[in-house]
Amino acid sequence: MEGFGSVEVDAGEPAFRHAWEARMFGIAGGALASGGFNTPMFRHAIERMDPGHYLTSSYYEHWLTAVATLLVEAGTISPDELDARAGGFPLSHPAAVGAGDVDAVTPSETPRYAVGDAVRVRDVQFAGHTRCPRYVRGRRGVIARVDPAAPIPEVEAHRRERMLDPSYSVRFDAAELWSGAAEPNSSMLVDLYEQYLDRV
Amino acid sequence: MSDEHGHHPQPLSDVERRARALEELLTEKGIVNGEFIDWMVEAYAEDVGPMNGAKVVARAWVDPGYKERLLSDGTAAIAELGFGGPEGDHIVAVENTPDVHNVVVCTLCSCYPWPVLGLPPTWYKSPPYRSRMVREPRALLAEMGCDVPEDAEIRVWDSSAEARYLVLPERPARSDGATEEELAALVGRDAMIGVARP
């Protein structure tokens, strides 16, 4: 994402700005747990919102839309029930990929890389849920920290399974990411799963 | 369209009507219950927040052994003070020094260390913060009132996987002789994200 304006800080902001936001926080916690929806499924349901709706709605409206979408897709509630009560209830778009579209990865819980190793982020385009940020794809970095193996988000989101992959904090020089537009003397450290990386 | 239920003095907005519709529907179907929602709301509106992180920071400022443990295993050191829970399984503390300024962002969504900072503020979740902090951190920090000298390195931590980050700010020079409790009172949320100094 780019091209956005200033960051507006409200120093006195409470945890919840409106009563419905607080209710939504609790509803999401209860509904996700009772439906067995994992965090990547929830995030993906937010990512599937219509871009215009996403950018013009608040954080907890994202939660509201995503929770309702997951429950409708699971058949727990129907769009008609929502519409009847709310008088219109926009939901997220259907997923663009299915369980079979997730590449068969062969993860290992033993890390292949060590601190200091040079890596390049695979430039993979995937229309489903991923935690590989676009701005590091194809870029070179150095392993800065080796983290515990963690469930692969693509597999959790689309197959609803847990498959562990080693993960890392990878350090990128600003100049590698932004070329001539980069600010001097700065770096970005991005947390990435091993399946996103190739050795350089 | 106006609200006809009578409890609200003003008509509900569209989003309020949708939130209420969802809550009513899920309550009727037994998927959520009011007590659980009340508990979640109370916990995160009252009990979990940056006052927890401030205690961690103050302890690290007065106790070098604790600081060492915090920087080598943040999760365990934070648990020593009784803090943990959702979004706190792997907390990494990063130390600001005169030479290095750390700042935290989640470019993909809004990942945040709930046990020590509570729920993230709106600006942290906003597209401008999420896009600009990786692209032009020094300029954005200055805009937010946090000037970082040119000769200090800026490290931007993008919490795109499981780790959640807590910035350990530099102890202010004016705090000599302050008690641990007084020090904690100096530490605000924004300093522990890295967009301000205590």
# chains A, B, ... in the order shown; residues from 1 in each chain; ligands from 1
>>> residues_around(residues="B:Glu42", least_positions_apart="4", cutoff="12 Å", atoms="only C-alpha atoms", output="list in words")
Ala15, Phe16, Ala19, Ala22, Arg23, Phe25 and Gly26 of chain A; Glu35, Phe36, Ile37, Asp38, Glu46, Asp47, Val48, Gly49 and Gly118 of chain B
>>> write_last_selection(atoms="N, CA and C atoms", output="short mmCIF file (atom, residue, chain, number, x, y, z; two decimals), in the first residue's frame")
data_model
loop_
_atom_site.label_atom_id
_atom_site.label_comp_id
_atom_site.auth_asym_id
_atom_site.auth_seq_id
_atom_site.Cartn_x
_atom_site.Cartn_y
_atom_site.Cartn_z
N ALA A 15 -9.78 2.33 24.64
CA ALA A 15 -9.61 1.02 23.98
C ALA A 15 -10.69 0.82 22.92
N PHE A 16 -11.90 1.24 23.23
CA PHE A 16 -13.00 1.15 22.27
C PHE A 16 -13.62 2.52 22.12
N ALA A 19 -19.54 1.84 21.82
CA ALA A 19 -20.01 0.65 22.54
C ALA A 19 -20.06 -0.57 21.62
N ALA A 22 -16.75 -2.47 21.24
CA ALA A 22 -16.43 -3.35 22.36
C ALA A 22 -17.23 -4.64 22.26
N ARG A 23 -18.52 -4.53 21.93
CA ARG A 23 -19.33 -5.74 21.77
C ARG A 23 -18.75 -6.61 20.66
N PHE A 25 -15.71 -6.85 19.58
CA PHE A 25 -14.47 -7.50 20.03
C PHE A 25 -14.81 -8.81 20.75
N GLY A 26 -15.79 -8.75 21.65
CA GLY A 26 -16.20 -9.95 22.39
C GLY A 26 -16.92 -10.97 21.51
N GLU B 35 -22.28 -13.05 28.82
CA GLU B 35 -21.29 -13.03 29.91
C GLU B 35 -19.87 -13.08 29.35
N PHE B 36 -19.67 -13.93 28.34
CA PHE B 36 -18.33 -14.03 27.74
C PHE B 36 -17.94 -12.70 27.09
N ILE B 37 -18.89 -12.11 26.37
CA ILE B 37 -18.60 -10.83 25.71
C ILE B 37 -18.27 -9.77 26.78
N ASP B 38 -19.06 -9.71 27.83
CA ASP B 38 -18.80 -8.74 28.91
C ASP B 38 -17.40 -8.94 29.49
N GLU B 46 -10.15 -2.56 30.63
CA GLU B 46 -9.72 -2.15 31.97
C GLU B 46 -8.39 -2.76 32.41
N ASP B 47 -8.24 -4.09 32.24
CA ASP B 47 -7.16 -4.79 32.94
C ASP B 47 -5.88 -4.95 32.13
N VAL B 48 -6.01 -4.97 30.81
CA VAL B 48 -4.84 -5.19 29.96
C VAL B 48 -4.58 -3.91 29.19
N GLY B 49 -3.38 -3.39 29.30
CA GLY B 49 -3.08 -2.16 28.58
C GLY B 49 -1.63 -1.78 28.77
N GLY B 118 -2.04 -3.95 25.47
CA GLY B 118 -3.49 -3.92 25.28
C GLY B 118 -3.83 -3.97 23.79
#
>>> closest_atom_pairs(of="chain A", to="chain B", cutoff="7 Å", atoms="only C-alpha atoms", output="JSON lines")
{"residue": "A:Met1", "atom": "CA", "partner": "B:Ser131", "partner_atom": "CA", "distance": 5.4}
{"residue": "A:Glu2", "atom": "CA", "partner": "B:Ser131", "partner_atom": "CA", "distance": 5.6}
{"residue": "A:Phe4", "atom": "CA", "partner": "B:Pro128", "partner_atom": "CA", "distance": 4.9}
{"residue": "A:Gly5", "atom": "CA", "partner": "B:Pro128", "partner_atom": "CA", "distance": 5.8}
{"residue": "A:Ser6", "atom": "CA", "partner": "B:Pro128", "partner_atom": "CA", "distance": 6.4}
{"residue": "A:Val7", "atom": "CA", "partner": "B:Tyr129", "partner_atom": "CA", "distance": 5.9}
{"residue": "A:Glu8", "atom": "CA", "partner": "B:Trp123", "partner_atom": "CA", "distance": 6.1}
{"residue": "A:Val9", "atom": "CA", "partner": "B:Trp123", "partner_atom": "CA", "distance": 5.9}
{"residue": "A:Ala15", "atom": "CA", "partner": "B:Ala45", "partner_atom": "CA", "distance": 5.5}
{"residue": "A:Trp20", "atom": "CA", "partner": "B:Glu16", "partner_atom": "CA", "distance": 6.1}
{"residue": "A:Ala22", "atom": "CA", "partner": "B:Val41", "partner_atom": "CA", "distance": 5.7}
{"residue": "A:Arg23", "atom": "CA", "partner": "B:Ile37", "partner_atom": "CA", "distance": 6.5}
{"residue": "A:Met24", "atom": "CA", "partner": "B:Ala19", "partner_atom": "CA", "distance": 6.7}
{"residue": "A:Gly26", "atom": "CA", "partner": "B:Ile37", "partner_atom": "CA", "distance": 4.2}
{"residue": "A:Ile27", "atom": "CA", "partner": "B:Ile37", "partner_atom": "CA", "distance": 6.0}
{"residue": "A:Gly30", "atom": "CA", "partner": "B:Val32", "partner_atom": "CA", "distance": 5.3}
{"residue": "A:Ala31", "atom": "CA", "partner": "B:Val32", "partner_atom": "CA", "distance": 6.1}
{"residue": "A:Ser34", "atom": "CA", "partner": "B:Ile31", "partner_atom": "CA", "distance": 6.5}
{"residue": "A:Glu61", "atom": "CA", "partner": "B:Val15", "partner_atom": "CA", "distance": 6.9}
{"residue": "A:Leu64", "atom": "CA", "partner": "B:Ala19", "partner_atom": "CA", "distance": 6.6}
{"residue": "A:Leu82", "atom": "CA", "partner": "B:Ala21", "partner_atom": "CA", "distance": 6.4}
{"residue": "A:Arg85", "atom": "CA", "partner": "B:Ala21", "partner_atom": "CA", "distance": 5.5}
{"residue": "A:Ala86", "atom": "CA", "partner": "B:Arg18", "partner_atom": "CA", "distance": 5.0}
{"residue": "A:Phe89", "atom": "CA", "partner": "B:Arg18", "partner_atom": "CA", "distance": 6.5}
{"residue": "A:Arg131", "atom": "CA", "partner": "B:Ser160", "partner_atom": "CA", "distance": 6.1}
{"residue": "A:Pro133", "atom": "CA", "partner": "B:Leu108", "partner_atom": "CA", "distance": 6.8}
{"residue": "A:Glu183", "atom": "CA", "partner": "B:Glu136", "partner_atom": "CA", "distance": 6.3}
{"residue": "A:Asn185", "atom": "CA", "partner": "B:Glu153", "partner_atom": "CA", "distance": 5.1}
{"residue": "A:Ser186", "atom": "CA", "partner": "B:Ile154", "partner_atom": "CA", "distance": 4.6}
{"residue": "A:Ser187", "atom": "CA", "partner": "B:Arg155", "partner_atom": "CA", "distance": 5.1}
{"residue": "A:Met188", "atom": "CA", "partner": "B:Val156", "partner_atom": "CA", "distance": 4.7}
{"residue": "A:Leu189", "atom": "CA", "partner": "B:Trp157", "partner_atom": "CA", "distance": 4.8}
{"residue": "A:Val190", "atom": "CA", "partner": "B:Asp158", "partner_atom": "CA", "distance": 4.9}
{"residue": "A:Asp191", "atom": "CA", "partner": "B:Ser160", "partner_atom": "CA", "distance": 5.2}
{"residue": "A:Leu192", "atom": "CA", "partner": "B:Ala161", "partner_atom": "CA", "distance": 6.3}
>>> atom_distance(atom1="atom CA of A:Pro153", atom2="atom CA of A:Arg140")
22.0 Å
>>> residues_around(residues="A:Gln195", least_positions_apart="3", cutoff="9 Å", atoms="only C-alpha atoms", output="ChimeraX atom specification")
/A:105-107,122,152,165-167,192,198
>>> select_by_dssp(residues="stretch 15-130 of chain B", states="helix (DSSP H, G or I)", output="PDB file with C-alpha atoms, in the first residue's frame")
ATOM      1  CA  VAL B  15     -22.701  -0.410  11.307  1.00  0.00           C
ATOM      2  CA  GLU B  16     -24.324  -0.347  14.759  1.00  0.00           C
ATOM      3  CA  ARG B  17     -27.419  -1.957  13.295  1.00  0.00           C
ATOM      4  CA  ARG B  18     -25.305  -4.676  11.685  1.00  0.00           C
ATOM      5  CA  ALA B  19     -23.324  -5.311  14.873  1.00  0.00           C
ATOM      6  CA  ARG B  20     -26.517  -5.580  16.869  1.00  0.00           C
ATOM      7  CA  ALA B  21     -28.080  -7.893  14.291  1.00  0.00           C
ATOM      8  CA  LEU B  22     -25.084 -10.206  14.446  1.00  0.00           C
ATOM      9  CA  GLU B  23     -24.958 -10.233  18.241  1.00  0.00           C
ATOM     10  CA  GLU B  24     -28.689 -10.966  18.533  1.00  0.00           C
ATOM     11  CA  LEU B  25     -28.553 -13.724  15.957  1.00  0.00           C
ATOM     12  CA  LEU B  26     -25.529 -15.407  17.507  1.00  0.00           C
ATOM     13  CA  THR B  27     -26.944 -15.110  21.005  1.00  0.00           C
ATOM     14  CA  GLU B  28     -30.243 -16.698  19.930  1.00  0.00           C
ATOM     15  CA  GLY B  34     -23.393 -12.082  26.901  1.00  0.00           C
ATOM     16  CA  GLU B  35     -21.294 -13.029  29.911  1.00  0.00           C
ATOM     17  CA  PHE B  36     -18.335 -14.033  27.741  1.00  0.00           C
ATOM     18  CA  ILE B  37     -18.604 -10.828  25.715  1.00  0.00           C
ATOM     19  CA  ASP B  38     -18.798  -8.742  28.906  1.00  0.00           C
ATOM     20  CA  TRP B  39     -15.718 -10.522  30.260  1.00  0.00           C
ATOM     21  CA  MET B  40     -13.693  -9.923  27.081  1.00  0.00           C
ATOM     22  CA  VAL B  41     -14.675  -6.272  26.965  1.00  0.00           C
ATOM     23  CA  GLU B  42     -13.904  -5.650  30.610  1.00  0.00           C
ATOM     24  CA  ALA B  43     -10.556  -7.440  30.429  1.00  0.00           C
ATOM     25  CA  TYR B  44      -9.306  -5.434  27.458  1.00  0.00           C
ATOM     26  CA  ALA B  45     -10.918  -2.109  28.341  1.00  0.00           C
ATOM     27  CA  GLU B  46      -9.722  -2.153  31.966  1.00  0.00           C
ATOM     28  CA  ASP B  47      -7.163  -4.791  32.935  1.00  0.00           C
ATOM     29  CA  PRO B  50       0.155  -0.181  28.310  1.00  0.00           C
ATOM     30  CA  MET B  51       0.395   0.075  32.099  1.00  0.00           C
ATOM     31  CA  ASN B  52       1.582  -3.552  31.953  1.00  0.00           C
ATOM     32  CA  GLY B  53       4.331  -2.787  29.456  1.00  0.00           C
ATOM     33  CA  ALA B  54       5.335   0.286  31.478  1.00  0.00           C
ATOM     34  CA  LYS B  55       6.011  -1.978  34.483  1.00  0.00           C
ATOM     35  CA  VAL B  56       8.204  -4.199  32.315  1.00  0.00           C
ATOM     36  CA  VAL B  57      10.172  -1.203  31.028  1.00  0.00           C
ATOM     37  CA  ALA B  58      10.597   0.323  34.488  1.00  0.00           C
ATOM     38  CA  ARG B  59      11.836  -2.989  35.885  1.00  0.00           C
ATOM     39  CA  ALA B  60      14.370  -3.263  33.040  1.00  0.00           C
ATOM     40  CA  TRP B  61      15.597   0.271  33.802  1.00  0.00           C
ATOM     41  CA  VAL B  62      16.284  -0.462  37.474  1.00  0.00           C
ATOM     42  CA  PRO B  64      20.174  -4.954  34.851  1.00  0.00           C
ATOM     43  CA  GLY B  65      19.642  -8.696  35.344  1.00  0.00           C
ATOM     44  CA  TYR B  66      15.984  -8.338  34.410  1.00  0.00           C
ATOM     45  CA  LYS B  67      16.886  -6.232  31.377  1.00  0.00           C
ATOM     46  CA  GLU B  68      19.252  -8.954  30.176  1.00  0.00           C
ATOM     47  CA  ARG B  69      16.529 -11.583  30.567  1.00  0.00           C
ATOM     48  CA  LEU B  70      14.000  -9.345  28.815  1.00  0.00           C
ATOM     49  CA  LEU B  71      16.252  -8.857  25.800  1.00  0.00           C
ATOM     50  CA  SER B  72      17.177 -12.544  25.547  1.00  0.00           C
ATOM     51  CA  GLY B  74      10.994 -11.365  26.255  1.00  0.00           C
ATOM     52  CA  THR B  75       8.097 -13.771  26.745  1.00  0.00           C
ATOM     53  CA  ALA B  76       9.628 -15.362  29.856  1.00  0.00           C
ATOM     54  CA  ALA B  77      10.749 -12.063  31.395  1.00  0.00           C
ATOM     55  CA  ILE B  78       7.301 -10.552  30.839  1.00  0.00           C
ATOM     56  CA  ALA B  79       5.709 -13.638  32.408  1.00  0.00           C
ATOM     57  CA  GLU B  80       7.861 -12.999  35.518  1.00  0.00           C
ATOM     58  CA  TRP B 114      -1.689  -7.467  23.698  1.00  0.00           C
ATOM     59  CA  PRO B 115      -0.436  -8.638  27.130  1.00  0.00           C
ATOM     60  CA  VAL B 116       1.868  -5.636  27.512  1.00  0.00           C
ATOM     61  CA  LEU B 117       0.178  -2.938  25.412  1.00  0.00           C
ATOM     62  CA  THR B 122      -6.552   3.423  15.572  1.00  0.00           C
ATOM     63  CA  TRP B 123      -3.516   5.095  14.017  1.00  0.00           C
ATOM     64  CA  TYR B 124      -1.446   1.893  14.376  1.00  0.00           C
ATOM     65  CA  LYS B 125      -4.106   0.060  12.340  1.00  0.00           C
ATOM     66  CA  PRO B 127      -3.210   2.349   6.101  1.00  0.00           C
ATOM     67  CA  PRO B 128      -1.012   5.498   6.259  1.00  0.00           C
ATOM     68  CA  TYR B 129       0.959   4.238   9.274  1.00  0.00           C
ATOM     69  CA  ARG B 130       1.232   0.686   7.930  1.00  0.00           C
TER      70      ARG B 130
END
>>> closest_residue(among="A:His93, A:His18, A:His129, A:Arg199", to="A:Ala157", atoms="only C-alpha atoms")
A:His129
>>> residues_around(residues="A:Leu197", least_positions_apart="2", cutoff="10 Å", atoms="only C-alpha atoms", output="list in words")
Tyr113, Ala118, Val119, Arg120, Val121, Arg122, Asp123, Cys132, Arg137, Gly138, Arg139, Arg140, Gly141, Ser167, Tyr168, Val170, Leu192, Tyr193, Glu194, Gln195, Arg199 and Val200 of chain A
>>> write_last_selection(atoms="C-alpha atoms", output="PDB file, in the first residue's frame")
ATOM      1  CA  TYR A 113      19.109 -21.111   7.805  1.00  0.00           C
ATOM      2  CA  ALA A 118      21.861 -14.370   2.971  1.00  0.00           C
ATOM      3  CA  VAL A 119      18.436 -15.167   1.523  1.00  0.00           C
ATOM      4  CA  ARG A 120      16.116 -13.943  -1.179  1.00  0.00           C
ATOM      5  CA  VAL A 121      12.344 -13.825  -0.780  1.00  0.00           C
ATOM      6  CA  ARG A 122      10.519 -15.862  -3.409  1.00  0.00           C
ATOM      7  CA  ASP A 123       8.498 -13.711  -5.756  1.00  0.00           C
ATOM      8  CA  CYS A 132       4.631 -12.681   2.802  1.00  0.00           C
ATOM      9  CA  ARG A 137       9.163 -10.259  -2.566  1.00  0.00           C
ATOM     10  CA  GLY A 138      12.189 -10.808  -4.773  1.00  0.00           C
ATOM     11  CA  ARG A 139      14.389  -8.855  -2.344  1.00  0.00           C
ATOM     12  CA  ARG A 140      17.612  -9.925  -0.639  1.00  0.00           C
ATOM     13  CA  GLY A 141      18.009  -9.939   3.090  1.00  0.00           C
ATOM     14  CA  SER A 167      10.313 -18.867  10.752  1.00  0.00           C
ATOM     15  CA  TYR A 168      12.812 -16.037  10.852  1.00  0.00           C
ATOM     16  CA  VAL A 170      14.957 -11.236   8.034  1.00  0.00           C
ATOM     17  CA  LEU A 192       9.044 -14.660   7.286  1.00  0.00           C
ATOM     18  CA  TYR A 193       8.359 -18.381   7.033  1.00  0.00           C
ATOM     19  CA  GLU A 194      11.088 -20.608   5.612  1.00  0.00           C
ATOM     20  CA  GLN A 195       8.950 -21.570   2.607  1.00  0.00           C
ATOM     21  CA  ARG A 199      19.377 -19.246  -0.198  1.00  0.00           C
ATOM     22  CA  VAL A 200      21.424 -16.669  -2.092  1.00  0.00           C
TER      23      VAL A 200
END
>>> atom_distance(atom1="atom CA of A:Pro40", atom2="atom CA of A:Ala66")
11.4 Å
>>> atom_distance(atom1="atom CA of B:Ala184", atom2="atom CA of B:Ala196")
15.2 Å
>>> select_by_dssp(residues="stretch 61-136 of chain B", states="strand (DSSP E or B)", output="number ranges by chain")
B: 91-95, 100-105
>>> closest_residue(among="A:Ala150, A:Ala114, A:Ala144, A:Leu177", to="A:Arg162", atoms="only C-alpha atoms")
A:Ala150
